[in-house]
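Working notes, beginning with the structure itself.
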Amino acid sequence: MHALRGALAASIIAAAACASHVPPTTAAVDSATAVRELRADLNIIFKSPINERGVWAVDIRSVDTGERLFELNSGRLMMPASNMKILTLAAAAETLGWDYRFTTSLEAHGPIANGVLHGDLIVKSNGDPTINSRDARAAGVFNEWAQALRASGIESIDGRIIADDQAFDDEGIGAGWAWDYLQYDYAAPIGALQYNEDVASLSIAPALEAGAAPIVQLQAGSGLELLNHATTGPAGSVNNIDYRRRLDRPVLEVIGSIPLGSEAATRTVAVVNPSVFYAESVKTELSARGITVAGPAVDFDDVAAELMSKSSTFDHGSNATAATVIITTESPPLRDIAIVLMKVSQNLYAETLLKAIGSARNALGTTEGGRIAVRKTLSDWGITPDSYVMYDGSGLSRYNYIAAGTVVDVLLHIYKDPRHRDAFLATLPIAGKDGTIATRMRRTRAEGNAIAKTGSISNARSLSGFVKTRDGETIVFSILANDFVIPSATITTFADLAVESLANFTRK
């Protein structure tokens with residue numbers, strides 16, 4: 001253990017520029033001595049002088065024995081960043097089940113004659129977030145829909161594409177999200193209808209001469225007015241194209257410079273209204289498959305009164321409608337959705353699950369309904385409401401707080417429940433192998449061993465999960481860091497060193 005402490009101290013003195021392989025001890029020590037030395041090693045990491053202005057909260061326990069091997073501020077409330085997804089997924093698994101699937105339906109409102117739907121095509125969903133480019137799922141869904149429409153005798157639609165988003169409320173942005181990142185893909189708004197993770201493509205191509213405005217294009221349906229303030233820079237200059245969203249109105253300003261003669265740059269932009277974007281995309285994709293749509297793409301909310309007045313049989317929310325259901329498409333099961341959610345830390349998936357939990361428990365497809373349902377689940381598990389503060393499902397909100405000990409309590413409950421353990425563990429990134437820790441802890445005993453959820457927002461980092469020791473003992477840990485002013489990469493290295501120490505630990 002002295003060799004271990006020496007290696008850790010050396011790493012910290014070197015300002016933790018990179019994670020290093022920690023050599024194992026060769027001394028035979030009894031279990032109590034081994035634990036004391038492990039605690040000393042971890043204290044070197046978390047209580048080093050370079051960390052004195054920040055705050056660490058750590059809880060480390062043996063899954064096999066229940067022993068708490070180390071703790072530091074384990075009951076202190078901390079911003080968890082994306083470690084909040086652990087709570088969201090745990091509650092979703094308990095409430096919805098791992099085999100749960102979202103559904104999306106196409107409904108024809110109007111007569112079909114001579115290959116024409118004389119009316120509107122309404123698309124309705126309860127939140128499926130998976131109709132996107134991952135595994136070419138969106139292309140497959142649109143192919144299936146086009147075939148189903150033709151099988152129903154529809155070759156063209158003389159009405160509109162209407163996006164029925166009534167399964168969820170219209171609050172797309174989470175409480176406590178920062179205004180200065182709302183244009184980016186990771187802060188895309190949430191709705192009951194979600195296409196391509198609610199992001200539109202932005203293309204910026206250089207002009208034919210330096211100093212001229214580049215050619216900028218934004219995908220239809222984004223809801224944003226485009227203002228091009230960018231320029232074409234000299235050949236070989238730096239590409240510093242960026243974009244920002246105005247707060248007073250839905251305007252996207254493109255700024256910066258793109259080098260003359262370079263390839264077009266592509267970016268993704270969070271849309272304003274997911275339902276309109278969805279309807280616009282359905283119209284475009286059906287037209288690309290030979291099914292033309294004469295009318296516009298609209299949000300159900302904007303035409304609900306008209307639809308009600310035109311047909312006494314149209315009663316939204318009941319079975320008494322004039323609709324013909326063309327097709328109902330199911331999403332992949334929650335166990336597959338959860339792998340994307342956790343391994344790539346997909347925020348939109350997390351917020352969708354939170355609203356879906358609320359809908360299942362309280363018939364409220366709202367964030368507040370989801371929070372109520374999560375609180376009920378965790379209380380049933382013996383986790384007290386004062387040990388966390390949940391404002392969203394993804395961890396983007398800076399209003400979120402959770403104790404490291406609470407994260408461990410949730411992980412332990414999931415691990416010990418045979419209904420959940422295997423499916424949940426399969427979602428966690430694997431050190432040095434995949435997900436958000438694919439490049440971390442390589443060439444150490446933690447590589448291919450530690451599985452953990454990361455978290456990252458400004459001045460907050462987190463890492464929580466499981467690792468096996470040299471003896472094969474399973475350890476559960478939660479490591480949360482807040483309020484630091486040193487580089488975030490250094491914080492990440494300290495957390496990795498701690499997990500490596502656990503992987504190197506032996507009681508023999």
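Each chain in the structure tokens gets a letter, A, B and so on, in the order shown; residues start at 1 in every chain, and ligands are counted from 1 in the order they appear.
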
**Study point:** Filtered DSSP result for range 344-422 of chain A, state alpha helix (DSSP H), as a ChimeraX atom specification
**Key:** /A:347-362,367-380,404-416,421-422

Point to revise | Residue list (strand (DSSP E), DSSP) for range 84-213 of chain A, as a ChimeraX atom specification | key: /A:103-109,112-113,116-117,120-125,156-157,161-164,199-205

Exercise for review: Write out as a list in words which residues come within 8 Å of range 46-58 of chain A when counting only C-alpha atoms, dropping same-chain ones fewer than 4 positions away.
Suggested key: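 Listing them by chain and then by number gives Ile12, Ala15, Leu42, Phe70, Glu71, Leu72, Asn73, Ser74, Gly75, Arg76, Met78, Ala403, Ala404, Gly405, Phe477, Ser478, Ile479, Leu480, Ala481, Asn482, Asp483, Phe484, Val485, Ile486 and Phe494 of chain A.
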
Review point. Which neighbours of range 255-269 of chain A fall inside 9 Å, counting only C-alpha atoms, when residues of the same chain fewer than 4 positions from it are skipped, and could you give them as a PyMOL selection string?
Key: chain A and resi 182-185+188+198-210+214-215+218+222+227-244

Exercise for review: Provide the CA of Thr492 in chain A to CA of Arg61 in chain A distance in Å, to one decimal place.
Suggested key: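 CA of Thr492 in chain A sits 20.5 Å away from CA of Arg61 in chain A.
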
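Of the residues under consideration (A:Ile190, A:Leu364, A:Ala270, A:Ala90), A:Ala90 shows the shortest atom-to-atom contact distance to Asp409 in chain A when counting only C-alpha atoms.
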